[in-house]
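To be precise, the following lines are run_30.cif, and they hold mmCIF, C-alpha atoms.
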data_input
#
loop_
_atom_site.label_atom_id
_atom_site.label_comp_id
_atom_site.auth_asym_id
_atom_site.auth_seq_id
_atom_site.Cartn_x
_atom_site.Cartn_y
_atom_site.Cartn_z
CA MET Z 1 3.07 4.99 26.92
CA LYS Z 2 5.83 6.95 25.27
CA THR Z 3 6.75 4.97 22.16
CA GLU Z 4 9.63 6.77 20.48
CA PRO Z 5 12.03 9.63 21.12
CA SER Z 6 11.02 12.99 19.74
CA ILE Z 7 13.42 12.81 16.79
CA SER Z 8 11.76 14.92 14.10
CA SER Z 9 13.91 13.40 11.34
CA SER Z 10 12.23 9.98 11.71
CA GLY Z 11 8.65 8.93 11.33
CA ILE Z 12 5.76 8.15 9.01
CA LEU Z 13 3.95 10.73 6.90
CA LEU Z 14 0.50 10.01 5.50
CA LEU Z 15 0.29 11.77 2.14
CA ASP Z 16 -2.81 12.26 -0.02
CA LYS Z 17 -1.21 11.96 -3.46
CA PRO Z 18 -2.86 13.97 -6.24
CA VAL Z 19 -3.83 12.63 -9.66
CA GLY Z 20 -1.19 13.11 -12.35
CA MET Z 21 1.89 12.64 -10.19
CA THR Z 22 4.06 9.56 -9.81
CA SER Z 23 4.63 8.15 -6.35
CA ASN Z 24 8.36 8.87 -6.61
CA ALA Z 25 7.70 12.50 -7.56
CA ALA Z 26 5.34 12.87 -4.60
CA LEU Z 27 7.99 11.36 -2.32
CA GLY Z 28 10.57 13.75 -3.73
CA GLN Z 29 8.41 16.78 -2.99
CA ALA Z 30 7.72 15.57 0.55
CA LYS Z 31 11.45 15.06 1.15
CA ARG Z 32 12.16 18.63 0.07
CA ILE Z 33 9.39 20.06 2.25
CA LEU Z 34 10.58 18.15 5.33
CA GLY Z 35 14.26 18.66 4.50
CA LEU Z 36 14.97 14.94 4.82
CA LYS Z 37 16.97 12.68 2.51
CA LYS Z 38 16.42 9.13 3.79
CA ALA Z 39 12.89 8.13 2.80
CA GLY Z 40 10.77 5.59 0.97
CA HIS Z 41 7.13 4.76 0.22
CA THR Z 42 5.31 1.53 1.01
CA GLY Z 43 3.31 0.82 -2.12
CA THR Z 44 3.21 2.65 -5.45
CA LEU Z 45 0.19 4.50 -6.79
CA ASP Z 46 -0.07 5.01 -10.56
CA PRO Z 47 -0.16 8.63 -11.80
CA LEU Z 48 -3.84 8.09 -12.66
CA ALA Z 49 -4.60 7.30 -9.01
CA SER Z 50 -4.93 9.57 -5.99
CA GLY Z 51 -5.09 8.87 -2.30
CA LEU Z 52 -3.09 7.44 0.54
CA LEU Z 53 0.65 7.10 0.09
CA VAL Z 54 2.47 6.03 3.26
CA LEU Z 55 5.95 7.60 3.41
CA CYS Z 56 8.66 6.52 5.86
CA PHE Z 57 11.52 8.83 6.85
CA GLY Z 58 14.80 8.21 8.64
CA GLN Z 59 14.75 5.30 11.07
CA ALA Z 60 11.11 4.62 10.19
CA THR Z 61 12.25 3.24 6.81
CA LYS Z 62 13.15 0.11 8.80
CA VAL Z 63 9.45 -0.68 9.24
CA ALA Z 64 8.51 -0.01 5.60
CA GLY Z 65 8.83 -3.66 4.63
CA TYR Z 66 6.20 -4.59 7.19
CA LEU Z 67 3.70 -2.29 5.45
CA LEU Z 68 4.15 -3.75 1.96
CA ASP Z 69 1.97 -6.72 2.88
CA ALA Z 70 -0.81 -4.54 4.25
CA GLU Z 71 -4.39 -4.83 3.06
CA LYS Z 72 -5.45 -1.85 0.98
CA ALA Z 73 -8.78 -0.23 0.14
CA TYR Z 74 -9.81 1.72 -2.95
CA GLU Z 75 -12.65 3.51 -4.63
CA ALA Z 76 -12.60 2.77 -8.37
CA THR Z 77 -14.50 4.06 -11.40
CA LEU Z 78 -14.90 1.75 -14.40
CA LYS Z 79 -15.97 2.77 -17.88
CA LEU Z 80 -17.85 0.02 -19.66
CA GLY Z 81 -17.80 -0.73 -23.37
CA ILE Z 82 -14.15 0.20 -24.00
CA THR Z 83 -11.06 -1.97 -23.51
CA THR Z 84 -7.55 -0.44 -23.54
CA ASP Z 85 -4.12 -2.02 -23.81
CA SER Z 86 -3.08 -0.63 -20.40
CA GLU Z 87 -6.43 -1.50 -18.79
CA ASP Z 88 -6.82 2.14 -17.74
CA ALA Z 89 -7.54 5.52 -19.29
CA GLU Z 90 -3.90 6.12 -20.24
CA GLY Z 91 -3.84 3.31 -22.81
CA GLU Z 92 -4.83 2.92 -26.44
CA VAL Z 93 -8.34 1.70 -27.21
CA ILE Z 94 -8.26 -1.86 -28.53
CA GLU Z 95 -11.97 -2.69 -28.55
CA ARG Z 96 -15.36 -0.98 -28.34
CA ARG Z 97 -18.57 -2.85 -27.56
CA GLU Z 98 -22.15 -1.95 -26.87
CA VAL Z 99 -23.01 -1.67 -23.18
CA PRO Z 100 -26.11 -3.71 -22.28
CA GLU Z 101 -28.86 -2.52 -19.99
CA LEU Z 102 -27.67 -3.45 -16.51
CA SER Z 103 -29.44 -3.40 -13.18
CA GLU Z 104 -27.66 -3.19 -9.86
CA SER Z 105 -28.51 -6.84 -9.24
CA ASP Z 106 -26.96 -7.75 -12.63
CA ILE Z 107 -23.75 -6.00 -11.66
CA ASP Z 108 -23.68 -7.45 -8.15
CA ALA Z 109 -24.10 -10.96 -9.54
CA VAL Z 110 -20.94 -10.39 -11.58
CA LEU Z 111 -19.08 -8.86 -8.64
CA GLU Z 112 -19.80 -11.99 -6.60
CA HIS Z 113 -17.44 -13.94 -8.90
CA PHE Z 114 -14.55 -11.76 -7.72
CA ARG Z 115 -15.11 -11.81 -3.97
CA GLY Z 116 -12.79 -13.96 -1.89
CA SER Z 117 -9.70 -15.78 -3.16
CA ILE Z 118 -9.23 -15.39 -6.90
CA GLU Z 119 -6.46 -15.64 -9.48
CA GLN Z 120 -5.56 -12.56 -11.47
CA ILE Z 121 -3.42 -12.12 -14.58
CA PRO Z 122 -1.28 -9.00 -14.06
CA PRO Z 123 -1.41 -6.26 -16.70
CA MET Z 124 1.32 -5.92 -19.31
CA TYR Z 125 1.80 -2.33 -18.16
CA SER Z 126 3.24 -3.30 -14.77
CA ALA Z 127 6.63 -3.37 -13.07
CA LEU Z 128 6.73 -7.16 -12.86
CA LYS Z 129 9.69 -8.76 -14.61
CA TYR Z 130 9.82 -11.21 -17.52
CA HIS Z 131 13.28 -12.66 -18.25
CA GLY Z 132 14.86 -9.70 -16.48
CA ARG Z 133 12.83 -7.02 -18.25
CA ARG Z 134 9.97 -4.97 -16.82
CA LEU Z 135 6.66 -5.88 -18.42
CA TYR Z 136 5.89 -2.24 -19.16
CA GLU Z 137 9.14 -1.98 -21.14
CA LEU Z 138 8.00 -4.84 -23.36
CA ALA Z 139 4.49 -3.40 -23.63
CA ARG Z 140 5.85 -0.06 -24.82
CA ARG Z 141 7.62 -1.93 -27.62
CA GLY Z 142 4.32 -3.52 -28.63
CA GLU Z 143 5.18 -6.93 -27.16
CA THR Z 144 2.78 -9.11 -25.20
CA VAL Z 145 3.97 -12.13 -23.20
CA ALA Z 146 2.17 -14.76 -21.20
CA ARG Z 147 1.77 -13.82 -17.54
CA PRO Z 148 0.96 -16.58 -15.07
CA PRO Z 149 -2.07 -15.84 -12.89
CA ARG Z 150 -1.34 -14.81 -9.32
CA PRO Z 151 -3.48 -15.49 -6.24
CA VAL Z 152 -5.01 -12.45 -4.55
CA ILE Z 153 -7.84 -11.94 -2.06
CA ILE Z 154 -10.72 -9.53 -2.58
CA HIS Z 155 -11.99 -9.10 0.98
CA GLU Z 156 -14.77 -6.68 0.01
CA LEU Z 157 -16.16 -5.61 -3.37
CA ASN Z 158 -19.23 -3.38 -3.33
CA LEU Z 159 -21.15 -1.35 -5.87
CA LEU Z 160 -21.20 2.34 -4.93
CA GLY Z 161 -22.99 3.64 -8.01
CA HIS Z 162 -24.00 2.93 -11.60
CA GLU Z 163 -25.01 5.41 -14.27
CA GLY Z 164 -24.91 4.68 -17.99
CA ASP Z 165 -21.54 3.22 -18.88
CA LEU Z 166 -19.91 4.09 -15.53
CA ILE Z 167 -19.62 1.89 -12.45
CA GLU Z 168 -18.20 2.99 -9.10
CA LEU Z 169 -16.86 0.32 -6.74
CA SER Z 170 -15.26 0.06 -3.32
CA VAL Z 171 -12.58 -2.60 -2.97
CA ARG Z 172 -10.66 -3.96 0.01
CA CYS Z 173 -7.97 -6.38 -1.11
CA SER Z 174 -4.71 -8.14 -0.37
CA LYS Z 175 -1.29 -6.96 -1.47
CA GLY Z 176 -0.46 -7.49 -5.12
CA THR Z 177 -4.00 -6.86 -6.37
CA TYR Z 178 -4.22 -4.87 -9.60
CA ILE Z 179 -7.44 -2.85 -9.66
CA ARG Z 180 -6.90 -2.26 -13.40
CA SER Z 181 -6.96 -6.01 -13.98
CA LEU Z 182 -10.02 -6.34 -11.76
CA ALA Z 183 -11.75 -3.73 -13.97
CA ARG Z 184 -10.71 -5.67 -17.09
CA ASP Z 185 -12.06 -8.95 -15.74
CA ILE Z 186 -15.33 -7.43 -14.54
CA GLY Z 187 -15.80 -6.01 -18.04
CA LYS Z 188 -15.28 -9.45 -19.52
CA ARG Z 189 -17.89 -10.93 -17.19
CA LEU Z 190 -20.32 -8.19 -18.20
CA GLU Z 191 -19.59 -9.11 -21.85
CA CYS Z 192 -18.91 -5.52 -22.89
CA GLY Z 193 -15.35 -4.85 -21.72
CA ALA Z 194 -14.21 -2.15 -19.33
CA HIS Z 195 -11.23 -0.11 -18.24
CA LEU Z 196 -10.29 1.86 -15.15
CA ILE Z 197 -10.76 5.64 -15.41
CA GLY Z 198 -10.47 6.65 -11.76
CA LEU Z 199 -8.84 5.22 -8.64
CA ARG Z 200 -8.42 6.51 -5.11
CA ARG Z 201 -6.68 4.60 -2.33
CA THR Z 202 -8.65 5.14 0.85
CA ALA Z 203 -6.67 2.92 3.22
CA SER Z 204 -3.43 1.03 3.64
CA GLU Z 205 -3.70 -0.80 6.92
CA PRO Z 206 -3.59 0.50 9.58
CA PHE Z 207 -3.80 3.99 8.04
CA ARG Z 208 -6.67 5.94 6.43
CA VAL Z 209 -6.62 8.68 3.80
CA ALA Z 210 -8.87 10.79 6.05
CA ASP Z 211 -5.79 11.32 8.25
CA ALA Z 212 -3.46 12.17 5.34
CA HIS Z 213 -2.01 15.53 4.33
CA THR Z 214 -1.94 17.06 0.85
CA LEU Z 215 1.22 18.41 -0.74
CA GLU Z 216 -0.58 21.73 -1.14
CA ASN Z 217 -1.08 22.00 2.60
CA LEU Z 218 2.42 20.77 3.42
CA GLN Z 219 3.91 23.47 1.20
CA THR Z 220 2.38 26.14 3.46
CA LEU Z 221 4.25 24.82 6.51
CA THR Z 222 7.73 25.43 7.83
CA CYS Z 223 10.09 22.49 7.82
CA ASP Z 224 9.68 22.01 11.58
CA ASP Z 225 5.89 22.20 11.40
CA ALA Z 226 5.84 19.66 8.57
CA ARG Z 227 8.08 17.32 10.56
CA SER Z 228 5.74 17.61 13.53
CA LEU Z 229 3.18 15.71 11.44
CA LEU Z 230 5.37 12.60 11.36
CA LEU Z 231 3.86 9.63 13.16
CA PRO Z 232 6.07 7.36 15.31
CA ALA Z 233 7.35 4.29 13.50
CA ASP Z 234 5.55 1.83 15.74
CA ARG Z 235 2.16 3.14 14.58
CA ALA Z 236 2.70 0.86 11.57
CA LEU Z 237 3.09 -2.19 13.81
CA GLU Z 238 0.12 -2.09 16.15
CA HIS Z 239 -1.00 -5.49 14.86
CA LEU Z 240 2.11 -7.04 16.46
CA PRO Z 241 2.25 -7.99 20.15
CA ALA Z 242 4.46 -5.85 22.39
CA VAL Z 243 7.42 -7.11 24.42
CA HIS Z 244 8.93 -4.93 27.17
CA VAL Z 245 12.59 -5.08 28.16
CA ASP Z 246 14.78 -3.12 30.54
CA GLU Z 247 17.55 -0.73 29.47
CA GLN Z 248 20.30 -3.33 29.75
CA GLN Z 249 18.33 -5.81 27.65
CA ALA Z 250 17.62 -3.08 25.09
CA ALA Z 251 21.34 -2.35 24.85
CA ARG Z 252 22.04 -6.05 24.22
CA LEU Z 253 19.44 -6.12 21.46
CA GLN Z 254 21.01 -3.07 19.85
CA GLN Z 255 24.27 -5.01 19.75
CA GLY Z 256 22.50 -7.86 17.91
CA GLN Z 257 22.40 -10.21 20.92
CA PHE Z 258 19.59 -12.65 21.71
CA LEU Z 259 17.56 -12.47 24.91
CA SER Z 260 16.24 -15.45 26.85
CA GLY Z 261 13.68 -16.01 29.57
CA LEU Z 262 10.99 -13.63 28.30
CA PRO Z 263 7.56 -14.91 29.32
CA GLY Z 264 4.20 -15.18 27.67
CA THR Z 265 4.66 -14.41 23.98
CA GLU Z 266 3.93 -16.84 21.16
CA ALA Z 267 6.30 -17.36 18.27
CA GLY Z 268 6.35 -14.57 15.69
CA ASN Z 269 7.27 -10.93 15.16
CA VAL Z 270 6.91 -8.51 18.06
CA ARG Z 271 7.34 -4.83 18.87
CA ILE Z 272 10.09 -4.23 21.43
CA TYR Z 273 9.95 -1.44 24.02
CA SER Z 274 12.44 -0.36 26.64
CA PRO Z 275 11.03 1.60 29.62
CA GLU Z 276 10.98 4.82 27.58
CA LEU Z 277 11.44 4.00 23.91
CA PHE Z 278 10.33 1.90 20.96
CA VAL Z 279 13.43 -0.18 20.31
CA GLY Z 280 12.46 -2.03 17.16
CA ILE Z 281 11.17 -5.36 15.87
CA GLY Z 282 12.19 -8.81 17.01
CA GLN Z 283 11.15 -12.40 16.63
CA MET Z 284 10.07 -14.67 19.47
CA ASP Z 285 10.53 -18.42 19.14
CA GLY Z 286 7.70 -19.40 21.50
CA ALA Z 287 10.14 -20.55 24.19
CA GLY Z 288 11.04 -17.15 25.65
CA HIS Z 289 13.90 -16.37 23.26
CA LEU Z 290 13.94 -13.02 21.45
CA ARG Z 291 16.04 -12.33 18.35
CA PRO Z 292 16.39 -8.71 17.14
CA THR Z 293 15.48 -8.27 13.47
CA ARG Z 294 15.01 -4.52 12.93
CA ILE Z 295 16.46 -2.27 15.61
CA LEU Z 296 15.99 1.51 15.52
CA LEU Z 297 18.75 3.82 16.68
CA THR Z 298 17.38 5.41 19.83
CA THR Z 299 20.33 7.48 20.91
#
Output the file's structure in the form of structure tokens.
Amino acid sequence: MKTEPSISSSGILLLDKPVGMTSNAALGQAKRILGLKKAGHTGTLDPLASGLLVLCFGQATKVAGYLLDAEKAYEATLKLGITTDSEDAEGEVIERREVPELSESDIDAVLEHFRGSIEQIPPMYSALKYHGRRLYELARRGETVARPPRPVIIHELNLLGHEGDLIELSVRCSKGTYIRSLARDIGKRLECGAHLIGLRRTASEPFRVADAHTLENLQTLTCDDARSLLLPADRALEHLPAVHVDEQQAARLQQGQFLSGLPGTEAGNVRIYSPELFVGIGQMDGAGHLRPTRILLTT
């Protein structure tokens, strides 16, 4: 099925962000390579981290909000025995402790405490706000404030390797999970402290870093060739059921009108298709009524 018109100025780019670059800087470089101005990313990666950054361009920015809630997967490296104020390698050391002899079963017993639904205290060096100020702004001034714990879900947490004071983990988690804070809390459980020294995002559902492109490779391409790598916007929405309408109904939706009498779809968000095009996102009420919520310009 054809899902979207071949408009090269709209779509989703899977980028493999390098270590040492902010997500906004990576987005800026991608925009210049593709020659596109309207763009956004769907979940920040710290400069310390590498891996999958999902970028939306043009009309595809309308689906970006539906990717913010996506489950994400990471490979993380923890250094035991040292705690930092930022909970990662960029911070100042605040405590050093001896690392005990640990077996894989010792470590896995600790990891078990963090599998499933947990509560996590966000790091001070984060973009969350406290009385209108970013926490990292307060942290840079040497201030520490109480942060209420937040619920997150650790769907999978597995030990990949352990040598000396280093532990490598794979993590699949819900939105809002701070891997730095997970490293901090694992270190506490191991009674020696820990901080995050390496992080790579391997997935942001439904996308995988194995399908992503590096900036280095993109820079070797012409603008048109780089744009040819854009995925259609509806690739981000394959978890939603599809509703098919005719051209007249699609035109009504583009004018913000409701549709009635559509069979067989439960209440909730849906992908909308006309005979030839992906029209956008709508919401069914369970009684055959469809309300447009995010309509793409298809002309």
(request) Rank Z:Ala236, Z:Gln249, Z:Thr61, Z:Ala109 by their smallest atom-to-atom distance to Arg208 (chain Z), using all atoms listed in the file, and report the top residue only. (result) Z:Ala236
(request) Run through the PyMOL selection byres ((chain Z and resi 195-207) around 8) on the given coordinates and return the selected residues as a VMD selection string. (result) chain Z and resid 14 48 to 52 54 67 70 to 80 82 to 84 87 to 89 179 to 180 183 to 184 187 193 to 194 208 to 211 236 238
Produce a file of the selected residues containing C-alpha atoms, as a short mmCIF file (atom, residue, chain, number, x, y, z; two decimals), in the coordinates of the input.
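So the final result, stored in part.cif, reads:
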data_model
loop_
_atom_site.label_atom_id
_atom_site.label_comp_id
_atom_site.auth_asym_id
_atom_site.auth_seq_id
_atom_site.Cartn_x
_atom_site.Cartn_y
_atom_site.Cartn_z
CA LEU Z 14 0.50 10.01 5.50
CA LEU Z 48 -3.84 8.09 -12.66
CA ALA Z 49 -4.60 7.30 -9.01
CA SER Z 50 -4.93 9.57 -5.99
CA GLY Z 51 -5.09 8.87 -2.30
CA LEU Z 52 -3.09 7.44 0.54
CA VAL Z 54 2.47 6.03 3.26
CA LEU Z 67 3.70 -2.29 5.45
CA ALA Z 70 -0.81 -4.54 4.25
CA GLU Z 71 -4.39 -4.83 3.06
CA LYS Z 72 -5.45 -1.85 0.98
CA ALA Z 73 -8.78 -0.23 0.14
CA TYR Z 74 -9.81 1.72 -2.95
CA GLU Z 75 -12.65 3.51 -4.63
CA ALA Z 76 -12.60 2.77 -8.37
CA THR Z 77 -14.50 4.06 -11.40
CA LEU Z 78 -14.90 1.75 -14.40
CA LYS Z 79 -15.97 2.77 -17.88
CA LEU Z 80 -17.85 0.02 -19.66
CA ILE Z 82 -14.15 0.20 -24.00
CA THR Z 83 -11.06 -1.97 -23.51
CA THR Z 84 -7.55 -0.44 -23.54
CA GLU Z 87 -6.43 -1.50 -18.79
CA ASP Z 88 -6.82 2.14 -17.74
CA ALA Z 89 -7.54 5.52 -19.29
CA ILE Z 179 -7.44 -2.85 -9.66
CA ARG Z 180 -6.90 -2.26 -13.40
CA ALA Z 183 -11.75 -3.73 -13.97
CA ARG Z 184 -10.71 -5.67 -17.09
CA GLY Z 187 -15.80 -6.01 -18.04
CA GLY Z 193 -15.35 -4.85 -21.72
CA ALA Z 194 -14.21 -2.15 -19.33
CA ARG Z 208 -6.67 5.94 6.43
CA VAL Z 209 -6.62 8.68 3.80
CA ALA Z 210 -8.87 10.79 6.05
CA ASP Z 211 -5.79 11.32 8.25
CA ALA Z 236 2.70 0.86 11.57
CA GLU Z 238 0.12 -2.09 16.15
#
(message) Set the distance at 12 Å and use all atoms listed in the file: which residues neighbour Leu135 (chain Z) once local chain neighbours fewer than 6 positions away are removed? I'd like the list as a PyMOL selection string.
(response) chain Z and resi 86+122-129+141-147
Output C-alpha atoms of each residue in that selection to a file, as a short mmCIF file (atom, residue, chain, number, x, y, z; two decimals), in the coordinates of the input.
data_model
loop_
_atom_site.label_atom_id
_atom_site.label_comp_id
_atom_site.auth_asym_id
_atom_site.auth_seq_id
_atom_site.Cartn_x
_atom_site.Cartn_y
_atom_site.Cartn_z
CA SER Z 86 -3.08 -0.63 -20.40
CA PRO Z 122 -1.28 -9.00 -14.06
CA PRO Z 123 -1.41 -6.26 -16.70
CA MET Z 124 1.32 -5.92 -19.31
CA TYR Z 125 1.80 -2.33 -18.16
CA SER Z 126 3.24 -3.30 -14.77
CA ALA Z 127 6.63 -3.37 -13.07
CA LEU Z 128 6.73 -7.16 -12.86
CA LYS Z 129 9.69 -8.76 -14.61
CA ARG Z 141 7.62 -1.93 -27.62
CA GLY Z 142 4.32 -3.52 -28.63
CA GLU Z 143 5.18 -6.93 -27.16
CA THR Z 144 2.78 -9.11 -25.20
CA VAL Z 145 3.97 -12.13 -23.20
CA ALA Z 146 2.17 -14.76 -21.20
CA ARG Z 147 1.77 -13.82 -17.54
#
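Residues matched by the PyMOL selection byres ((chain Z and resi 117) around 7) in this file are Z:Arg115, Z:Gly116, Z:Ile118, Z:Pro151, Z:Val152, Z:Ile153, Z:Ile154.
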(request) Write out as JSON, numbers by chain each polymer residue whose atoms come within 8 Å of Leu68 (chain Z), counting all atoms listed in the file; drop sequence neighbours fewer than 2 positions from it. (result) {"Z": [42, 43, 64, 65, 66, 70, 175]}
Dump C-alpha atoms for the selected residues as an mmCIF file, keeping the file's coordinate frame?
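That gives us selection_16.cif:
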data_model
loop_
_atom_site.group_PDB
_atom_site.id
_atom_site.type_symbol
_atom_site.label_atom_id
_atom_site.label_comp_id
_atom_site.auth_asym_id
_atom_site.auth_seq_id
_atom_site.Cartn_x
_atom_site.Cartn_y
_atom_site.Cartn_z
ATOM 1 C CA THR Z 42 5.310 1.530 1.010
ATOM 2 C CA GLY Z 43 3.310 0.820 -2.120
ATOM 3 C CA ALA Z 64 8.510 -0.010 5.600
ATOM 4 C CA GLY Z 65 8.830 -3.660 4.630
ATOM 5 C CA TYR Z 66 6.200 -4.590 7.190
ATOM 6 C CA ALA Z 70 -0.810 -4.540 4.250
ATOM 7 C CA LYS Z 175 -1.290 -6.960 -1.470
#
(message) For the PyMOL selection byres ((chain Z and resi 233) around 7), applied here, can you spell out every residue it catches as a list in words?
(response) Gly11, Ile12, Ala60, Val63, Leu231, Pro232, Asp234, Arg235 and Ala236 of chain Z
(message) One number please: CA of Asn158 (chain Z) to CA of His113 (chain Z), in Å, one decimal.
(response) 12.1 Å
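Compared by their closest atoms to Thr220 (chain Z), and using only C-alpha atoms, the residues Z:Asn24, Z:Glu156, Z:Gly176, Z:Ile33 rank with Z:Ile33 nearest.
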(message) Using only C-alpha atoms, which protein or nucleic acid residues come within 7 Å of region 281-289 of chain Z? Drop anything in the same chain fewer than 2 positions from it, and give the result as a PyMOL selection string.
(response) chain Z and resi 258-263+265-272+291-295
(message) Is it possible to get the residues within 7 Å of (-1.1, -17.0, -14.0) (coordinates as in the file, counting all atoms listed in the file) written as a PyMOL selection string?
(response) chain Z and resi 120-121+147-150
(request) Find the distance between CA of Val93 (chain Z) and CA of Lys188 (chain Z) and write it in Å to one decimal. (result) 15.2 Å
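Counting only C-alpha atoms and comparing Z:Gly164, Z:Gly20, Z:Gly58, Z:Gly28, the residue that lies closest to Glu98 (chain Z) is Z:Gly164.
Considering all atoms listed in the file, the residue among Z:Val171, Z:Val19, Z:Asp165, Z:Leu53 positioned nearest to Pro100 (chain Z) is Z:Asp165.
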